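Q: If you scroll down you'll find the structure; I have some questions about it.
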There are 2 protein chains.
Amino acid sequence: MCVPSVASSVDVASLASRLRTGVWRLARRLRSEADVDLSPTLQAALGTLDRHGPMTPGAFARHEQIRKPTATRTIAALVERGLVERTPDPLDRRVSWLQLSSQGRRLLGRVRRRHDAFLAARLAALRPEELATLERAAGILERLTEGPGTPSEGPEG
Amino acid sequence: MCVPSVASSVDVASLASRLRTGVWRLARRLRSEADVDLSPTLQAALGTLDRHGPMTPGAFARHEQIRKPTATRTIAALVERGLVERTPDPLDRRVSWLQLSSQGRRLLGRVRRRHDAFLAARLAALRPEELATLERAAGILERLTEGPGTPSEGPEG
DNA sequence: GGACGGTAGTTAGTTCTGAGAACTATCCTG
DNA sequence: CAGGATAGTTCTCAGAACTAACTACCGTCC
């Protein structure tokens, strides 16, 4: 692999714009495809709550790597639609526990089927290994912004 | 590896979400590091106009895969800041041609240098293999989004 | 048991980016 | 010239992210 000594900073910059362009387009695309009356963000949130079990708003924020106010809003939207239920914690009354309602589970199932159709129709080229690459890339990106001088709330995580 | 079958698509939504927030945060970080008062979208637009030469608003919209109203606003913001100049087309008075002003070029240059500096520092901490992952991810995203069917308004071009 | 510092969440307000509908101006065609 | 297509613009709305400032609560310590 003849280490590309990071020096090639020009490539680096264009890499950043390529990623930005690609990611942005994908996000827009998914949004326009998502007619399930649930935005991609909410779909993702639903998926997170489904996969990673009941969690508190704070845990949710950390998991999604968003700030607490954003988590509040997202959760509120889901609860408002009856897709997520919150149960107060009997021991710590500051927190509550979030989990999918049965309605949320049903909708999530529908979304998944729909999305699979979308993938089949348009993105058939996305092989599991490519998905894995994207996953890894997401992780790397997240680490990339964490470094010194993270502008906010860093120490909490 | 050996990823379980069609990683069900909400994963794709979640993945897209993670990528989006990751890229967005990186972009904002770059913005603050570069000490340039230009949103990520505007920076990208500037780059597009620089790389792909003078173009009309419509061409710009198609290139960025955004709708015309969004293009209008983006362009207006750049023109307002004196970073882009518009020249009327002498033959077709509906259209105009957009290109960077010298000020825009200077600013873009500065932005690029600072981004390079920041990214070089950050990416130096990555292993070559991780860099390669990012490269590959960018490629996958490009393939994914440039292909079939701009979601709507497609037939126009 | 009451003051206190820290943690969890929420509210308020701002910014950025996108979309659709309806409109104007212009071009082209018959 | 009438009628339709094309290019852009304006207006209005929505989603999602952020920060700052707040409330409510916990645990501790005197």
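By convention here, the chains of the structure tokens are called A, B, ... in the order presented, each chain's residues are numbered starting at 1, and ligands are numbered starting at 1 in the order presented.
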Find the residues in chain C near chain A: any atom within 8 Å counts, using only C-alpha atoms (C1' of nucleotides). Write them as number ranges by chain.
A: C: 8-10
Q: Could you give the C-alpha RMSD in Å for chain A superposed on chain B, pairing all atoms in order?
A: 3.5 Å
Q: Using only C-alpha atoms, tabulate the residues of chain B lying at most 6 Å from any atom of chain A, each with its closest atom pair and that distance in Å to one decimal, by chain and increasing residue number, as CSV.
A:
residue,atom,partner,partner_atom,distance
B:Ser9,CA,A:His115,CA,5.6
B:Val10,CA,A:Arg112,CA,5.8
B:Ala13,CA,A:Ala44,CA,5.5
B:Ser14,CA,A:Ala44,CA,4.4
B:Leu19,CA,A:Ala138,CA,5.2
B:Gly22,CA,A:Glu142,CA,5.4
B:Leu26,CA,A:Thr145,CA,5.7
B:Asp116,CA,A:Ala13,CA,5.7
B:Ala120,CA,A:Ser9,CA,5.9
B:Ala124,CA,A:Val6,CA,5.8
B:Leu134,CA,A:Ala137,CA,5.4
B:Ala137,CA,A:Leu134,CA,5.4
B:Ala138,CA,A:Leu19,CA,5.0
B:Leu141,CA,A:Gly22,CA,5.0
B:Glu142,CA,A:Gly22,CA,5.4
Q: Counting only C-alpha atoms (C1' of nucleotides), what is within 12 Å of DT29 in chain C, bar same-chain residues fewer than 3 positions away, as a list in words?
A: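 These residues fall inside the cut-off: DC1, DA2, DG3, DG4 and DA5 of chain D.
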Q: Chain D residues within 8 Å of chain A, counting only C-alpha atoms (C1' of nucleotides): which ones, as number ranges by chain?
A: D: 16-17, 24-26
Q: Let's have the selection written as a tab-separated table (two decimals), in the first residue's frame, with all heavy atoms.
A:
chain	number	residue	atom	x	y	z
D	16	DA	P	-36.22	15.89	10.80
D	16	DA	OP1	-35.91	14.61	10.16
D	16	DA	OP2	-37.17	15.98	11.93
D	16	DA	O5'	-34.88	16.57	11.25
D	16	DA	C5'	-33.87	16.76	10.29
D	16	DA	C4'	-32.82	17.65	10.87
D	16	DA	O4'	-33.33	18.99	10.90
D	16	DA	C3'	-32.44	17.31	12.32
D	16	DA	O3'	-31.04	17.14	12.39
D	16	DA	C2'	-32.91	18.51	13.12
D	16	DA	C1'	-32.85	19.60	12.08
D	16	DA	N9	-33.70	20.75	12.37
D	16	DA	C8	-34.99	20.75	12.80
D	16	DA	N7	-35.48	21.95	13.00
D	16	DA	C5	-34.44	22.79	12.68
D	16	DA	C6	-34.31	24.18	12.68
D	16	DA	N6	-35.28	25.01	13.05
D	16	DA	N1	-33.12	24.70	12.30
D	16	DA	C2	-32.14	23.87	11.94
D	16	DA	N3	-32.15	22.55	11.90
D	16	DA	C4	-33.34	22.06	12.29
D	17	DA	P	-30.46	16.28	13.58
D	17	DA	OP1	-29.70	15.21	12.95
D	17	DA	OP2	-31.53	15.99	14.55
D	17	DA	O5'	-29.46	17.29	14.27
D	17	DA	C5'	-28.37	17.79	13.53
D	17	DA	C4'	-28.07	19.23	13.87
D	17	DA	O4'	-29.21	20.05	13.58
D	17	DA	C3'	-27.81	19.54	15.33
D	17	DA	O3'	-26.46	19.27	15.67
D	17	DA	C2'	-28.05	21.04	15.38
D	17	DA	C1'	-29.00	21.29	14.23
D	17	DA	N9	-30.29	21.79	14.70
D	17	DA	C8	-31.38	21.06	15.06
D	17	DA	N7	-32.40	21.79	15.44
D	17	DA	C5	-31.95	23.09	15.32
D	17	DA	C6	-32.54	24.32	15.58
D	17	DA	N6	-33.79	24.45	16.03
D	17	DA	N1	-31.80	25.43	15.35
D	17	DA	C2	-30.55	25.29	14.91
D	17	DA	N3	-29.89	24.18	14.63
D	17	DA	C4	-30.65	23.10	14.86
D	24	DA	P	-39.35	23.85	38.30
D	24	DA	OP1	-40.79	23.59	38.12
D	24	DA	OP2	-38.85	24.67	39.42
D	24	DA	O5'	-38.60	22.45	38.35
D	24	DA	C5'	-38.88	21.50	37.34
D	24	DA	C4'	-38.13	20.23	37.66
D	24	DA	O4'	-36.72	20.45	37.44
D	24	DA	C3'	-38.27	19.79	39.12
D	24	DA	O3'	-38.49	18.39	39.12
D	24	DA	C2'	-36.93	20.16	39.74
D	24	DA	C1'	-36.00	19.98	38.55
D	24	DA	N9	-34.76	20.77	38.58
D	24	DA	C8	-34.61	22.07	38.91
D	24	DA	N7	-33.37	22.50	38.84
D	24	DA	C5	-32.66	21.40	38.42
D	24	DA	C6	-31.29	21.18	38.14
D	24	DA	N6	-30.38	22.14	38.27
D	24	DA	N1	-30.91	19.94	37.74
D	24	DA	C2	-31.86	18.99	37.62
D	24	DA	N3	-33.17	19.08	37.85
D	24	DA	C4	-33.50	20.31	38.24
D	25	DC	P	-38.92	17.65	40.43
D	25	DC	OP1	-39.94	16.65	40.06
D	25	DC	OP2	-39.15	18.64	41.51
D	25	DC	O5'	-37.60	16.85	40.77
D	25	DC	C5'	-37.04	16.01	39.76
D	25	DC	C4'	-35.61	15.74	40.10
D	25	DC	O4'	-34.87	16.96	40.09
D	25	DC	C3'	-35.39	15.15	41.49
D	25	DC	O3'	-35.12	13.77	41.32
D	25	DC	C2'	-34.20	15.93	42.05
D	25	DC	C1'	-33.70	16.72	40.83
D	25	DC	N1	-33.06	18.02	41.12
D	25	DC	C2	-31.69	18.14	40.90
D	25	DC	O2	-31.06	17.17	40.49
D	25	DC	N3	-31.08	19.33	41.16
D	25	DC	C4	-31.80	20.35	41.60
D	25	DC	N4	-31.15	21.50	41.83
D	25	DC	C5	-33.20	20.26	41.82
D	25	DC	C6	-33.79	19.08	41.57
D	26	DC	P	-35.03	12.83	42.58
D	26	DC	OP1	-35.49	11.49	42.17
D	26	DC	OP2	-35.62	13.53	43.73
D	26	DC	O5'	-33.46	12.75	42.80
D	26	DC	C5'	-32.67	12.15	41.78
D	26	DC	C4'	-31.20	12.36	42.10
D	26	DC	O4'	-30.94	13.77	42.14
D	26	DC	C3'	-30.78	11.80	43.45
D	26	DC	O3'	-29.93	10.69	43.23
D	26	DC	C2'	-30.07	12.95	44.16
D	26	DC	C1'	-29.92	14.01	43.07
D	26	DC	N1	-30.12	15.41	43.53
D	26	DC	C2	-29.02	16.28	43.56
D	26	DC	O2	-27.90	15.86	43.23
D	26	DC	N3	-29.22	17.57	43.95
D	26	DC	C4	-30.43	17.99	44.30
D	26	DC	N4	-30.59	19.25	44.68
D	26	DC	C5	-31.55	17.12	44.27
D	26	DC	C6	-31.35	15.85	43.87
Q: Determine which residues of range 8-101 of chain B receive a DSSP assignment of strand (DSSP E or B), computed from the backbone, and state them as a list in words.
A: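 Residues of range 8-101 of chain B classed as strand (DSSP E or B): Met55, Val84, Glu85, Arg86, Thr87, Pro88, Ser96, Trp97, Leu98, Gln99 and Leu100 of chain B.
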Q: Please extract the residues of range 73-102 of chain B with a backbone DSSP assignment of helix (DSSP H, G or I) and present them as a list of chain:residue names.
A: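 Matching residues for helix (DSSP H, G or I) in range 73-102 of chain B are B:Arg73, B:Thr74, B:Ile75, B:Ala76, B:Ala77, B:Leu78, B:Val79, B:Glu80, B:Ser102.
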Q: Would you mind exporting C-alpha atoms of the selected residues as a PDB file, in the first residue's frame?
A:
ATOM      1  CA  ARG B  73     -31.072  31.542  -2.723  1.00  0.00           C
ATOM      2  CA  THR B  74     -27.611  30.068  -2.561  1.00  0.00           C
ATOM      3  CA  ILE B  75     -26.471  32.116  -5.493  1.00  0.00           C
ATOM      4  CA  ALA B  76     -28.062  35.234  -4.113  1.00  0.00           C
ATOM      5  CA  ALA B  77     -26.142  34.797  -0.884  1.00  0.00           C
ATOM      6  CA  LEU B  78     -22.875  34.505  -2.763  1.00  0.00           C
ATOM      7  CA  VAL B  79     -23.574  37.439  -5.029  1.00  0.00           C
ATOM      8  CA  GLU B  80     -24.629  39.523  -2.071  1.00  0.00           C
ATOM      9  CA  SER B 102     -11.630  37.852  -7.706  1.00  0.00           C
TER      10      SER B 102
END
Q: Compile the contact shell of DT28 in chain D as a PDB file with N, CA, C and O atoms (P, O5', C5', C4', C3', O3' and C1' of nucleotides), in the first residue's frame: residues with an atom at most 12 Å away, counting only C-alpha atoms (C1' of nucleotides), same-chain residues fewer than 5 positions apart removed.
A:
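That gives us out.pdb:
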ATOM      1  P    DG C   2     -35.319  21.855  56.692  1.00  0.00           P
ATOM      2  O5'  DG C   2     -34.365  22.970  56.083  1.00  0.00           O
ATOM      3  C5'  DG C   2     -33.483  23.676  56.963  1.00  0.00           C
ATOM      4  C4'  DG C   2     -32.201  24.040  56.225  1.00  0.00           C
ATOM      5  C3'  DG C   2     -32.426  24.560  54.801  1.00  0.00           C
ATOM      6  O3'  DG C   2     -31.488  25.595  54.553  1.00  0.00           O
ATOM      7  C1'  DG C   2     -31.013  22.685  54.724  1.00  0.00           C
ATOM      8  P    DA C   3     -31.790  26.599  53.377  1.00  0.00           P
ATOM      9  O5'  DA C   3     -30.353  26.764  52.739  1.00  0.00           O
ATOM     10  C5'  DA C   3     -29.256  27.152  53.567  1.00  0.00           C
ATOM     11  C4'  DA C   3     -27.951  26.699  52.918  1.00  0.00           C
ATOM     12  C3'  DA C   3     -27.774  27.173  51.481  1.00  0.00           C
ATOM     13  O3'  DA C   3     -26.419  27.590  51.320  1.00  0.00           O
ATOM     14  C1'  DA C   3     -27.616  24.811  51.576  1.00  0.00           C
ATOM     15  P    DC C   4     -25.871  27.986  49.915  1.00  0.00           P
ATOM     16  O5'  DC C   4     -25.411  26.598  49.304  1.00  0.00           O
ATOM     17  C5'  DC C   4     -24.360  25.861  49.936  1.00  0.00           C
ATOM     18  C4'  DC C   4     -23.708  24.948  48.909  1.00  0.00           C
ATOM     19  C3'  DC C   4     -23.698  25.541  47.498  1.00  0.00           C
ATOM     20  O3'  DC C   4     -22.512  25.127  46.839  1.00  0.00           O
ATOM     21  C1'  DC C   4     -24.914  23.524  47.505  1.00  0.00           C
ATOM     22  P    DG C   5     -21.944  25.957  45.698  1.00  0.00           P
ATOM     23  O5'  DG C   5     -21.386  24.835  44.706  1.00  0.00           O
ATOM     24  C5'  DG C   5     -20.549  23.789  45.233  1.00  0.00           C
ATOM     25  C4'  DG C   5     -20.709  22.544  44.380  1.00  0.00           C
ATOM     26  C3'  DG C   5     -20.627  22.811  42.868  1.00  0.00           C
ATOM     27  O3'  DG C   5     -19.940  21.738  42.254  1.00  0.00           O
ATOM     28  C1'  DG C   5     -22.704  21.833  43.386  1.00  0.00           C
ATOM     29  P    DG C   6     -19.584  21.841  40.763  1.00  0.00           P
ATOM     30  O5'  DG C   6     -20.313  20.578  40.161  1.00  0.00           O
ATOM     31  C5'  DG C   6     -20.169  19.320  40.808  1.00  0.00           C
ATOM     32  C4'  DG C   6     -21.211  18.360  40.285  1.00  0.00           C
ATOM     33  C3'  DG C   6     -21.309  18.350  38.758  1.00  0.00           C
ATOM     34  O3'  DG C   6     -21.448  17.007  38.331  1.00  0.00           O
ATOM     35  C1'  DG C   6     -23.424  18.812  39.684  1.00  0.00           C
TER      36       DG C   6
END
Q: Counting only C-alpha atoms (C1' of nucleotides), which of C:DT15, C:DG1, C:DG30, C:DA25 gets nearest to DT9 in chain D?
A: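 For DT9 in chain D, the nearest of the candidates is C:DA25.
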Q: Any idea what's packed within 10 Å of DA20 in chain D, counting only C-alpha atoms (C1' of nucleotides), ignoring anything in its chain fewer than 2 positions away? Could you give it as JSON, numbers by chain?
A: {"C": [12, 13], "D": [22]}
Q: Could you save those same residues with N, CA and C atoms (P, O5', C5', C4', C3', O3' and C1' of nucleotides) as an mmCIF file, in the first residue's frame?
A:
data_model
loop_
_atom_site.group_PDB
_atom_site.id
_atom_site.type_symbol
_atom_site.label_atom_id
_atom_site.label_comp_id
_atom_site.auth_asym_id
_atom_site.auth_seq_id
_atom_site.Cartn_x
_atom_site.Cartn_y
_atom_site.Cartn_z
ATOM 1 P P DA C 12 -40.901 28.107 26.025
ATOM 2 O "O5'" DA C 12 -39.684 28.970 25.468
ATOM 3 C "C5'" DA C 12 -38.732 29.536 26.376
ATOM 4 C "C4'" DA C 12 -37.796 30.450 25.611
ATOM 5 C "C3'" DA C 12 -38.369 30.979 24.295
ATOM 6 O "O3'" DA C 12 -37.921 32.315 24.123
ATOM 7 C "C1'" DA C 12 -36.428 29.740 23.833
ATOM 8 P P DG C 13 -38.436 33.192 22.908
ATOM 9 O "O5'" DG C 13 -37.136 33.192 21.977
ATOM 10 C "C5'" DG C 13 -35.888 33.566 22.551
ATOM 11 C "C4'" DG C 13 -34.791 33.356 21.532
ATOM 12 C "C3'" DG C 13 -35.197 33.763 20.110
ATOM 13 O "O3'" DG C 13 -34.136 34.508 19.531
ATOM 14 C "C1'" DG C 13 -34.355 31.587 20.099
ATOM 15 P P DC D 22 -31.464 32.708 32.810
ATOM 16 O "O5'" DC D 22 -32.336 31.470 33.298
ATOM 17 C "C5'" DC D 22 -33.676 31.385 32.838
ATOM 18 C "C4'" DC D 22 -34.139 29.945 32.896
ATOM 19 C "C3'" DC D 22 -34.272 29.361 34.292
ATOM 20 O "O3'" DC D 22 -35.586 29.594 34.788
ATOM 21 C "C1'" DC D 22 -33.479 27.780 32.675
#
Q: If you count only C-alpha atoms (C1' of nucleotides), which residues fall within 10 Å of DT10 in chain D, apart from same-chain ones fewer than 2 positions away, as a list in words?
A: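 Here the qualifying residues turn out to be Pro69 and Thr72 of chain B; DA22, DC23 and DT24 of chain C; DG8 and DT12 of chain D.
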Q: Produce a file of the selected residues containing C-alpha atoms (C1' of nucleotides), as a compact mmCIF listing (two decimals), in the first residue's frame.
A:
# COMPACT_ATOMS: atom_id res chain seq x y z
CA PRO B 69 -35.42 27.92 -5.61
CA THR B 72 -31.51 30.91 -6.39
C1' DA C 22 -47.28 30.48 -7.87
C1' DC C 23 -45.43 34.06 -10.44
C1' DT C 24 -42.63 36.86 -14.14
C1' DG D 8 -35.45 32.03 -12.63
C1' DT D 12 -43.86 30.48 2.62
